[in-house]
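The file work18.cif contains mmCIF, C-alpha atoms (C1' of nucleotides):
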data_upload
loop_
_atom_site.group_PDB
_atom_site.id
_atom_site.type_symbol
_atom_site.label_atom_id
_atom_site.label_comp_id
_atom_site.auth_asym_id
_atom_site.auth_seq_id
_atom_site.Cartn_x
_atom_site.Cartn_y
_atom_site.Cartn_z
ATOM 1 C CA MET A 6 30.832 15.169 -4.461
ATOM 2 C CA PRO A 7 32.834 18.004 -3.256
ATOM 3 C CA GLU A 8 32.031 20.005 -0.182
ATOM 4 C CA LEU A 9 34.473 20.088 2.704
ATOM 5 C CA PRO A 10 33.816 16.516 3.923
ATOM 6 C CA GLU A 11 34.167 15.030 0.444
ATOM 7 C CA VAL A 12 37.348 17.010 -0.127
ATOM 8 C CA GLU A 13 38.740 15.850 3.213
ATOM 9 C CA ARG A 14 38.011 12.299 2.136
ATOM 10 C CA GLY A 15 40.003 13.030 -1.019
ATOM 11 C CA ARG A 16 42.827 14.368 1.097
ATOM 12 C CA ARG A 17 42.964 11.154 3.065
ATOM 13 C CA ILE A 18 42.950 9.041 -0.073
ATOM 14 C CA ALA A 19 45.814 11.091 -1.485
ATOM 15 C CA GLU A 20 47.770 10.995 1.726
ATOM 16 C CA ARG A 21 47.396 7.239 2.062
ATOM 17 C CA THR A 22 48.568 6.746 -1.514
ATOM 18 C CA ALA A 23 51.189 9.439 -1.913
ATOM 19 C CA ARG A 24 52.696 10.463 1.399
ATOM 20 C CA GLY A 25 56.317 9.467 1.709
ATOM 21 C CA ARG A 26 56.436 8.237 -1.899
ATOM 22 C CA THR A 27 58.190 9.624 -4.919
ATOM 23 C CA ILE A 28 56.276 10.399 -8.108
ATOM 24 C CA VAL A 29 57.892 8.410 -10.906
ATOM 25 C CA ALA A 30 55.565 9.285 -13.800
ATOM 26 C CA VAL A 31 52.791 11.751 -14.626
ATOM 27 C CA LYS A 32 50.133 11.578 -17.326
ATOM 28 C CA CYS A 33 47.989 14.650 -18.019
ATOM 29 C CA ALA A 34 44.868 14.865 -20.172
ATOM 30 C CA ARG A 35 44.803 17.563 -22.830
ATOM 31 C CA ASP A 36 42.459 19.972 -21.059
ATOM 32 C CA PRO A 37 43.349 23.675 -20.941
ATOM 33 C CA ILE A 38 40.304 24.430 -18.790
ATOM 34 C CA VAL A 39 40.983 22.094 -15.891
ATOM 35 C CA PHE A 40 44.718 22.777 -16.066
ATOM 36 C CA ALA A 41 44.001 26.509 -15.932
ATOM 37 C CA GLY A 42 46.616 27.420 -18.474
ATOM 38 C CA HIS A 43 49.490 25.350 -17.076
ATOM 39 C CA SER A 44 51.145 23.136 -19.661
ATOM 40 C CA GLN A 45 51.434 19.378 -19.371
ATOM 41 C CA GLN A 46 55.186 19.790 -19.577
ATOM 42 C CA ALA A 47 55.178 22.129 -16.579
ATOM 43 C CA PHE A 48 53.315 19.500 -14.558
ATOM 44 C CA ARG A 49 55.548 16.653 -15.655
ATOM 45 C CA LYS A 50 58.665 18.649 -14.912
ATOM 46 C CA SER A 51 57.446 19.855 -11.525
ATOM 47 C CA LEU A 52 56.125 16.521 -10.273
ATOM 48 C CA THR A 53 58.401 13.862 -11.728
ATOM 49 C CA ASP A 54 60.946 12.602 -9.176
ATOM 50 C CA ALA A 55 59.487 14.806 -6.437
ATOM 51 C CA LYS A 56 58.672 13.294 -3.061
ATOM 52 C CA VAL A 57 55.277 13.937 -1.436
ATOM 53 C CA LYS A 58 55.808 15.050 2.153
ATOM 54 C CA ALA A 59 52.141 15.743 2.991
ATOM 55 C CA VAL A 60 48.722 16.505 1.518
ATOM 56 C CA HIS A 61 47.001 19.626 2.841
ATOM 57 C CA ARG A 62 43.453 20.953 2.665
ATOM 58 C CA ARG A 63 41.856 24.333 3.242
ATOM 59 C CA GLY A 64 38.163 24.745 2.467
ATOM 60 C CA LYS A 65 37.558 22.821 -0.741
ATOM 61 C CA HIS A 66 41.166 23.163 -1.948
ATOM 62 C CA LEU A 67 43.891 20.522 -1.687
ATOM 63 C CA TRP A 68 47.596 20.632 -2.369
ATOM 64 C CA PHE A 69 50.640 18.402 -2.172
ATOM 65 C CA GLU A 70 53.622 19.498 -0.139
ATOM 66 C CA LEU A 71 56.587 18.278 -2.181
ATOM 67 C CA ASP A 72 60.279 18.290 -1.370
ATOM 68 C CA ARG A 73 60.680 21.063 -3.955
ATOM 69 C CA ARG A 74 58.522 23.809 -5.437
ATOM 70 C CA PRO A 75 56.164 24.539 -7.094
ATOM 71 C CA TRP A 76 53.441 22.345 -5.623
ATOM 72 C CA PRO A 77 50.301 21.039 -7.345
ATOM 73 C CA THR A 78 46.915 22.307 -6.093
ATOM 74 C CA PHE A 79 43.542 20.678 -6.732
ATOM 75 C CA HIS A 80 39.938 21.850 -6.684
ATOM 76 C CA PHE A 81 37.206 19.300 -7.421
ATOM 77 C CA GLY A 82 34.580 21.681 -8.849
ATOM 78 C CA MET A 83 31.182 19.967 -9.110
ATOM 79 C CA THR A 84 32.218 16.481 -10.134
ATOM 80 C CA GLY A 85 35.923 16.022 -9.491
ATOM 81 C CA GLY A 86 37.547 13.514 -7.176
ATOM 82 C CA PHE A 87 40.588 11.365 -6.413
ATOM 83 C CA HIS A 88 40.593 7.677 -7.217
ATOM 84 C CA THR A 89 42.937 4.755 -6.676
ATOM 85 C CA PRO A 90 42.838 1.371 -8.417
ATOM 86 C CA ALA A 91 40.147 -0.993 -7.128
ATOM 87 C CA GLN A 92 41.220 -4.164 -5.363
ATOM 88 C CA PRO A 93 41.407 -6.984 -7.949
ATOM 89 C CA SER A 94 38.685 -8.941 -6.119
ATOM 90 C CA THR A 95 36.169 -6.115 -6.450
ATOM 91 C CA LYS A 96 36.895 -5.484 -10.097
ATOM 92 C CA LEU A 97 34.944 -8.425 -11.441
ATOM 93 C CA VAL A 98 31.170 -8.688 -11.385
ATOM 94 C CA SER A 99 29.103 -11.765 -12.193
ATOM 95 C CA HIS A 100 29.906 -13.752 -15.344
ATOM 96 C CA GLY A 101 33.494 -12.610 -15.006
ATOM 97 C CA LYS A 102 32.823 -9.295 -16.724
ATOM 98 C CA VAL A 103 34.717 -6.186 -15.773
ATOM 99 C CA ASP A 104 32.506 -3.595 -14.128
ATOM 100 C CA PRO A 105 32.810 -0.465 -16.303
ATOM 101 C CA LYS A 106 32.711 1.641 -13.159
ATOM 102 C CA ALA A 107 35.906 -0.060 -12.056
ATOM 103 C CA ALA A 108 37.680 0.885 -15.292
ATOM 104 C CA TRP A 109 41.231 2.008 -14.729
ATOM 105 C CA PRO A 110 42.091 4.748 -15.190
ATOM 106 C CA PRO A 111 38.511 6.001 -14.841
ATOM 107 C CA ARG A 112 36.613 7.979 -17.466
ATOM 108 C CA PHE A 113 37.365 11.708 -17.366
ATOM 109 C CA THR A 114 40.801 11.241 -15.812
ATOM 110 C CA LYS A 115 42.639 14.581 -15.852
ATOM 111 C CA ILE A 116 45.879 13.656 -14.108
ATOM 112 C CA HIS A 117 47.337 10.231 -13.402
ATOM 113 C CA LEU A 118 50.233 9.884 -10.957
ATOM 114 C CA PHE A 119 52.477 6.837 -10.574
ATOM 115 C CA PHE A 120 54.524 6.299 -7.405
ATOM 116 C CA ASN A 121 57.750 4.491 -6.662
ATOM 117 C CA ASP A 122 55.967 1.813 -4.605
ATOM 118 C CA GLY A 123 53.673 0.919 -7.529
ATOM 119 C CA GLY A 124 50.724 2.954 -6.226
ATOM 120 C CA GLU A 125 48.653 5.177 -8.504
ATOM 121 C CA LEU A 126 46.392 8.180 -7.962
ATOM 122 C CA VAL A 127 44.024 9.842 -10.405
ATOM 123 C CA MET A 128 41.951 12.994 -10.366
ATOM 124 C CA SER A 129 38.906 12.713 -12.627
ATOM 125 C CA ASP A 130 36.350 15.403 -13.432
ATOM 126 C CA ALA A 131 33.433 14.905 -15.830
ATOM 127 C CA ARG A 132 32.121 18.475 -15.926
ATOM 128 C CA ARG A 133 35.391 20.363 -15.997
ATOM 129 C CA PHE A 134 34.668 22.875 -13.257
ATOM 130 C CA GLY A 135 37.611 21.403 -11.349
ATOM 131 C CA ARG A 136 41.064 22.994 -11.469
ATOM 132 C CA ILE A 137 44.613 21.685 -11.206
ATOM 133 C CA ARG A 138 47.298 24.329 -10.825
ATOM 134 C CA LEU A 139 50.905 24.836 -9.791
ATOM 135 C CA ALA A 140 51.683 27.236 -6.952
ATOM 136 C CA HIS A 141 54.905 28.288 -5.316
ATOM 137 C CA ASP A 142 53.187 28.904 -1.989
ATOM 138 C CA PRO A 143 49.481 27.906 -2.113
ATOM 139 C CA LEU A 144 48.454 29.503 1.190
ATOM 140 C CA THR A 145 49.583 32.975 0.143
ATOM 141 C CA GLU A 146 48.361 32.862 -3.467
ATOM 142 C CA ALA A 147 44.921 33.200 -5.047
ATOM 143 C CA PRO A 148 42.496 31.562 -4.746
ATOM 144 C CA ILE A 149 43.417 29.985 -1.408
ATOM 145 C CA CYS A 150 44.560 33.232 0.210
ATOM 146 C CA HIS A 151 41.079 34.705 -0.316
ATOM 147 C CA LEU A 152 39.316 31.989 1.678
ATOM 148 C CA GLY A 153 37.602 32.730 4.962
ATOM 149 C CA PHE A 154 37.920 30.507 8.024
ATOM 150 C CA ASP A 155 37.997 26.738 7.653
ATOM 151 C CA PRO A 156 35.488 25.249 10.104
ATOM 152 C CA LEU A 157 37.845 22.406 11.072
ATOM 153 C CA LEU A 158 41.104 24.376 11.076
ATOM 154 C CA ASP A 159 40.353 27.839 12.442
ATOM 155 C CA LEU A 160 36.739 28.348 13.460
ATOM 156 C CA PRO A 161 36.425 31.860 14.936
ATOM 157 C CA THR A 162 35.369 32.446 18.528
ATOM 158 C CA PRO A 163 31.650 33.030 19.103
ATOM 159 C CA GLN A 164 32.155 36.779 19.550
ATOM 160 C CA VAL A 165 34.127 37.138 16.323
ATOM 161 C CA PHE A 166 31.655 34.947 14.470
ATOM 162 C CA ILE A 167 28.703 37.069 15.626
ATOM 163 C CA ARG A 168 30.450 40.220 14.421
ATOM 164 C CA MET A 169 31.250 38.690 11.011
ATOM 165 C CA MET A 170 27.659 37.588 10.563
ATOM 166 C CA ARG A 171 26.097 40.874 11.669
ATOM 167 C CA ARG A 172 28.135 42.893 9.219
ATOM 168 C CA ARG A 173 26.411 41.232 6.277
ATOM 169 C CA LYS A 174 23.106 42.124 4.763
ATOM 170 C CA ALA A 175 22.837 39.261 2.250
ATOM 171 C CA PRO A 176 20.498 36.312 2.938
ATOM 172 C CA ILE A 177 22.194 33.934 5.360
ATOM 173 C CA LYS A 178 22.086 31.209 2.720
ATOM 174 C CA ALA A 179 24.311 33.353 0.473
ATOM 175 C CA ILE A 180 26.632 34.201 3.380
ATOM 176 C CA LEU A 181 27.157 30.546 4.240
ATOM 177 C CA LEU A 182 27.983 29.735 0.608
ATOM 178 C CA ASP A 183 30.530 32.569 0.358
ATOM 179 C CA GLN A 184 33.963 30.897 0.482
ATOM 180 C CA GLY A 185 35.417 34.168 1.771
ATOM 181 C CA PHE A 186 33.224 33.703 4.835
ATOM 182 C CA ALA A 187 33.301 29.984 5.641
ATOM 183 C CA ALA A 188 35.642 27.981 3.414
ATOM 184 C CA GLY A 189 34.297 24.550 2.564
ATOM 185 C CA VAL A 190 30.593 25.057 3.209
ATOM 186 C CA GLY A 191 28.592 24.153 0.102
ATOM 187 C CA ASN A 192 24.965 23.862 -0.847
ATOM 188 C CA TRP A 193 23.873 20.831 1.150
ATOM 189 C CA ILE A 194 25.808 21.826 4.274
ATOM 190 C CA ALA A 195 24.333 25.337 4.216
ATOM 191 C CA ASP A 196 20.812 23.909 3.956
ATOM 192 C CA GLU A 197 21.534 21.404 6.736
ATOM 193 C CA VAL A 198 22.866 24.142 9.039
ATOM 194 C CA LEU A 199 19.783 26.322 8.513
ATOM 195 C CA TYR A 200 17.378 23.434 8.997
ATOM 196 C CA GLN A 201 19.027 22.278 12.210
ATOM 197 C CA THR A 202 19.193 25.818 13.608
ATOM 198 C CA LYS A 203 15.607 26.559 12.463
ATOM 199 C CA ILE A 204 16.599 29.700 10.558
ATOM 200 C CA ASN A 205 14.844 30.956 7.424
ATOM 201 C CA PRO A 206 17.417 30.974 4.583
ATOM 202 C CA ARG A 207 16.310 34.460 3.470
ATOM 203 C CA ARG A 208 17.108 36.132 6.789
ATOM 204 C CA PRO A 209 19.748 38.868 6.367
ATOM 205 C CA GLY A 210 22.863 38.233 8.443
ATOM 206 C CA THR A 211 22.248 41.566 10.177
ATOM 207 C CA THR A 212 19.048 40.240 11.764
ATOM 208 C CA LEU A 213 20.454 37.187 13.570
ATOM 209 C CA SER A 214 20.394 37.275 17.365
ATOM 210 C CA ASP A 215 23.523 36.380 19.338
ATOM 211 C CA ALA A 216 21.984 33.029 20.180
ATOM 212 C CA GLU A 217 21.138 32.288 16.553
ATOM 213 C CA ALA A 218 24.584 33.221 15.277
ATOM 214 C CA LYS A 219 26.210 31.056 17.947
ATOM 215 C CA ALA A 220 23.957 28.163 17.008
ATOM 216 C CA VAL A 221 24.921 28.536 13.353
ATOM 217 C CA ARG A 222 28.608 28.497 14.276
ATOM 218 C CA VAL A 223 28.256 25.298 16.282
ATOM 219 C CA ALA A 224 26.061 23.630 13.651
ATOM 220 C CA ILE A 225 28.599 24.279 10.895
ATOM 221 C CA ARG A 226 31.293 22.556 12.949
ATOM 222 C CA LYS A 227 29.106 19.691 14.109
ATOM 223 C CA ILE A 228 27.672 18.851 10.693
ATOM 224 C CA ILE A 229 31.073 18.938 9.018
ATOM 225 C CA ARG A 230 32.744 16.896 11.774
ATOM 226 C CA THR A 231 30.001 14.314 11.662
ATOM 227 C CA ALA A 232 30.232 13.984 7.872
ATOM 228 C CA VAL A 233 34.032 13.767 7.993
ATOM 229 C CA ASP A 234 33.897 11.148 10.757
ATOM 230 C CA ALA A 235 31.508 9.132 8.583
ATOM 231 C CA ASP A 236 34.083 9.455 5.759
ATOM 232 C CA CYS A 237 31.178 10.831 3.706
ATOM 233 C CA VAL A 238 29.346 7.519 3.570
ATOM 234 C CA HIS A 239 25.832 8.890 3.318
ATOM 235 C CA ASP A 240 23.965 6.123 5.124
ATOM 236 C CA ARG A 241 26.157 6.765 8.154
ATOM 237 C CA PHE A 242 24.830 10.345 8.404
ATOM 238 C CA PRO A 243 22.307 10.799 11.247
ATOM 239 C CA LYS A 244 18.780 9.717 10.404
ATOM 240 C CA GLY A 245 17.176 13.094 11.118
ATOM 241 C CA TRP A 246 19.292 15.086 8.676
ATOM 242 C CA LEU A 247 17.605 17.024 5.894
ATOM 243 C CA PHE A 248 20.392 15.665 3.682
ATOM 244 C CA HIS A 249 18.595 12.357 3.115
ATOM 245 C CA HIS A 250 15.496 14.040 1.670
ATOM 246 C CA ARG A 251 16.637 17.219 -0.060
ATOM 247 C CA TRP A 252 17.781 15.909 -3.435
ATOM 248 C CA GLY A 253 15.847 16.536 -6.628
ATOM 249 C CA ARG A 254 13.295 19.296 -6.751
ATOM 250 C CA ASN A 255 10.427 17.059 -5.857
ATOM 251 C CA ALA A 256 7.191 18.416 -4.479
ATOM 252 C CA GLU A 257 6.532 15.326 -2.361
ATOM 253 C CA ALA A 258 9.739 15.633 -0.353
ATOM 254 C CA ARG A 259 9.394 15.399 3.423
ATOM 255 C CA THR A 260 11.816 15.164 6.313
ATOM 256 C CA THR A 261 12.129 12.142 8.619
ATOM 257 C CA ARG A 262 9.573 13.875 10.868
ATOM 258 C CA SER A 263 7.329 14.293 7.780
ATOM 259 C CA GLU A 264 7.716 18.038 7.584
ATOM 260 C CA LYS A 265 7.175 19.405 4.097
ATOM 261 C CA ILE A 266 10.362 20.385 2.190
ATOM 262 C CA VAL A 267 10.230 23.174 -0.401
ATOM 263 C CA HIS A 268 12.801 23.971 -3.079
ATOM 264 C CA GLN A 269 13.496 27.584 -4.050
ATOM 265 C CA THR A 270 16.389 29.515 -5.526
ATOM 266 C CA ILE A 271 17.942 31.554 -2.717
ATOM 267 C CA GLY A 272 21.416 33.055 -2.811
ATOM 268 C CA GLY A 273 21.581 31.938 -6.429
ATOM 269 C CA ARG A 274 21.337 28.243 -5.598
ATOM 270 C CA THR A 275 18.624 25.645 -5.200
ATOM 271 C CA THR A 276 17.725 25.749 -1.524
ATOM 272 C CA ALA A 277 15.815 22.985 0.223
ATOM 273 C CA TRP A 278 14.140 24.192 3.390
ATOM 274 C CA VAL A 279 11.262 23.527 5.761
ATOM 275 C CA PRO A 280 9.023 26.573 6.228
ATOM 276 C CA GLU A 281 7.148 25.133 9.196
ATOM 277 C CA VAL A 282 10.435 24.806 11.120
ATOM 278 C CA GLN A 283 12.555 27.655 9.750
ATOM 279 C CA ARG A 284 10.925 30.963 10.643
ATOM 280 C "C1'" DC B 29 15.054 17.271 -26.351
ATOM 281 C "C1'" DT B 30 15.120 19.816 -22.031
ATOM 282 C "C1'" DC B 31 16.585 20.799 -17.618
ATOM 283 C "C1'" DA B 32 18.851 20.693 -13.143
ATOM 284 C "C1'" DG B 33 23.140 20.579 -10.850
ATOM 285 C "C1'" DT B 34 27.274 18.825 -4.230
ATOM 286 C "C1'" DG B 35 30.957 25.320 -7.537
ATOM 287 C "C1'" DT B 36 33.360 29.582 -8.841
ATOM 288 C "C1'" DT B 37 34.007 33.856 -11.277
ATOM 289 C "C1'" DC B 38 32.950 38.022 -13.331
ATOM 290 C "C1'" DA B 39 30.194 41.980 -15.060
ATOM 291 C "C1'" DG B 40 26.892 45.146 -13.612
ATOM 292 C "C1'" DT B 41 24.527 47.819 -10.031
ATOM 293 C "C1'" DG B 42 23.931 50.611 -6.039
ATOM 294 C "C1'" DT C 21 36.136 50.088 -2.983
ATOM 295 C "C1'" DC C 22 32.716 47.226 -1.187
ATOM 296 C "C1'" DA C 23 28.587 44.285 -0.926
ATOM 297 C "C1'" DC C 24 25.565 42.034 -3.476
ATOM 298 C "C1'" DT C 25 23.066 39.716 -7.557
ATOM 299 C "C1'" DG C 26 22.576 36.992 -11.413
ATOM 300 C "C1'" DA C 27 24.424 35.032 -15.472
ATOM 301 C "C1'" DA C 28 27.921 32.280 -17.490
ATOM 302 C "C1'" DC C 29 30.817 28.483 -17.548
ATOM 303 C "C1'" DA C 30 30.896 22.721 -19.333
ATOM 304 C "C1'" DC C 31 28.917 18.664 -19.520
ATOM 305 C "C1'" DT C 32 26.386 14.505 -17.837
ATOM 306 C "C1'" DG C 33 22.478 12.042 -16.716
ATOM 307 C "C1'" DA C 34 17.628 11.891 -15.637
#
Could you express the structure from this file as structure tokens?
Amino acid sequence: MPELPEVERGRRIAERTARGRTIVAVKCARDPIVFAGHSQQAFRKSLTDAKVKAVHRRGKHLWFELDRRPWPTFHFGMTGGFHTPAQPSTKLVSHGKVDPKAAWPPRFTKIHLFFNDGGELVMSDARRFGRIRLAHDPLTEAPICHLGFDPLLDLPTPQVFIRMMRRRKAPIKAILLDQGFAAGVGNWIADEVLYQTKINPRRPGTTLSDAEAKAVRVAIRKIIRTAVDADCVHDRFPKGWLFHHRWGRNAEARTTRSEKIVHQTIGGRTTAWVPEVQR
DNA sequence: CTCAGTGTTCAGTG
DNA sequence: TCACTGAACACTGA
């Protein structure tokens, strides 16, 4: 579930599990796609006996700061995520059977890290759009160096934001999804921003008024902060959000205020929007 | 069996 | 070179 808030949740999980610990063992799946050409041996050699000083995030990318280089970087793709072992009490369901969802390590585990305090951390990814790489200096190397601003780390001033938006002719939906513009905004956040600011997703960036561009800037920050503060638990998201009603291309979909939701491909992605609100 | 999908990249076009 | 578009990628689950 990886847009910025889900990735930030992953960062916190990793930091809780790994920060200040030493990696004592590493298991890698055989998967040349997710490992982007790095060998298992390179990962084992780089990570084993290294100490994790911090876990960083920019946009949808994560990386470990180790006490020596290179450092591992993680991208969750469509279906990736970090996991830690379930508490023993939650592992059993009725009749004493083990819940398959609590299997450890989980299905589709790509990398499995073991720490000196007995803790474990896994990245799994069913659909293999995720990536695990090694980088000497993640911030200055592709793909992280090509990212635009991160809404939680370095949101531009209103004036700069207006200028960035006005320079672009693409539909605003496509602009918001461009990681070189706003790093970490994904499909549901872009739709939520446009719904809450009442902007038609097809509007070219060049046509936004100052007030509209400023509203978009604030909405990006507010929606992401709110989702991060809720630790991505969906039922803690505000009741009025489009989020709760946008999933699945279903013709009956309506918002909390019973406005009709339509689904169309805009900016190359399924876009859920509310024509009666977004002009 | 078919299709959509919370993401990124790359080829092709203007 | 740049901005933009659309297809491709890989695979699960509905």
Residues of chain A within 8 Å of chain B: nearest atom pair and distance (Å, one decimal) for each, counting only C-alpha atoms (C1' of nucleotides), sorted by chain and number, as CSV?
residue,atom,partner,partner_atom,distance
A:Met6,CA,B:DT34,C1',5.1
A:Pro7,CA,B:DT34,C1',5.7
A:Glu8,CA,B:DT34,C1',6.4
A:Gly82,CA,B:DG35,C1',5.3
A:Met83,CA,B:DG35,C1',5.6
A:Phe134,CA,B:DG35,C1',7.2
A:Gly191,CA,B:DT34,C1',7.0
A:Asn192,CA,B:DT34,C1',6.5
A:Trp193,CA,B:DT34,C1',6.7
Check which residues of chain A sit at most 9 Å from chain C using only C-alpha atoms (C1' of nucleotides), and return one row each with the closest pair of atoms and their distance in Å to one decimal, ordered by chain and rising number, as JSON lines.
{"residue": "A:Ala131", "atom": "CA", "partner": "C:DC31", "partner_atom": "C1'", "distance": 6.9}
{"residue": "A:Arg132", "atom": "CA", "partner": "C:DC31", "partner_atom": "C1'", "distance": 4.8}
{"residue": "A:Arg133", "atom": "CA", "partner": "C:DA30", "partner_atom": "C1'", "distance": 6.1}
{"residue": "A:Phe134", "atom": "CA", "partner": "C:DA30", "partner_atom": "C1'", "distance": 7.2}
{"residue": "A:Arg173", "atom": "CA", "partner": "C:DA23", "partner_atom": "C1'", "distance": 8.1}
{"residue": "A:Lys174", "atom": "CA", "partner": "C:DA23", "partner_atom": "C1'", "distance": 8.2}
{"residue": "A:Ala175", "atom": "CA", "partner": "C:DC24", "partner_atom": "C1'", "distance": 6.9}
{"residue": "A:Gly272", "atom": "CA", "partner": "C:DT25", "partner_atom": "C1'", "distance": 8.3}
{"residue": "A:Gly273", "atom": "CA", "partner": "C:DG26", "partner_atom": "C1'", "distance": 7.2}
**Item:** Separation of atom CA of A:Leu139 from atom CA of A:His43 in Å
**Value:** 7.4 Å
**Request:** Take atom CA of A:Ala41 and atom CA of A:Asp155 and report the distance between them in Å, one decimal.
**Result:** 24.3 Å
**Item:** Separation of atom CA of A:Glu70 from atom CA of A:Cys237, in Å and rounded to one decimal
**Value:**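 One can read the atom CA of A:Glu70 to atom CA of A:Cys237 distance as 24.4 Å.
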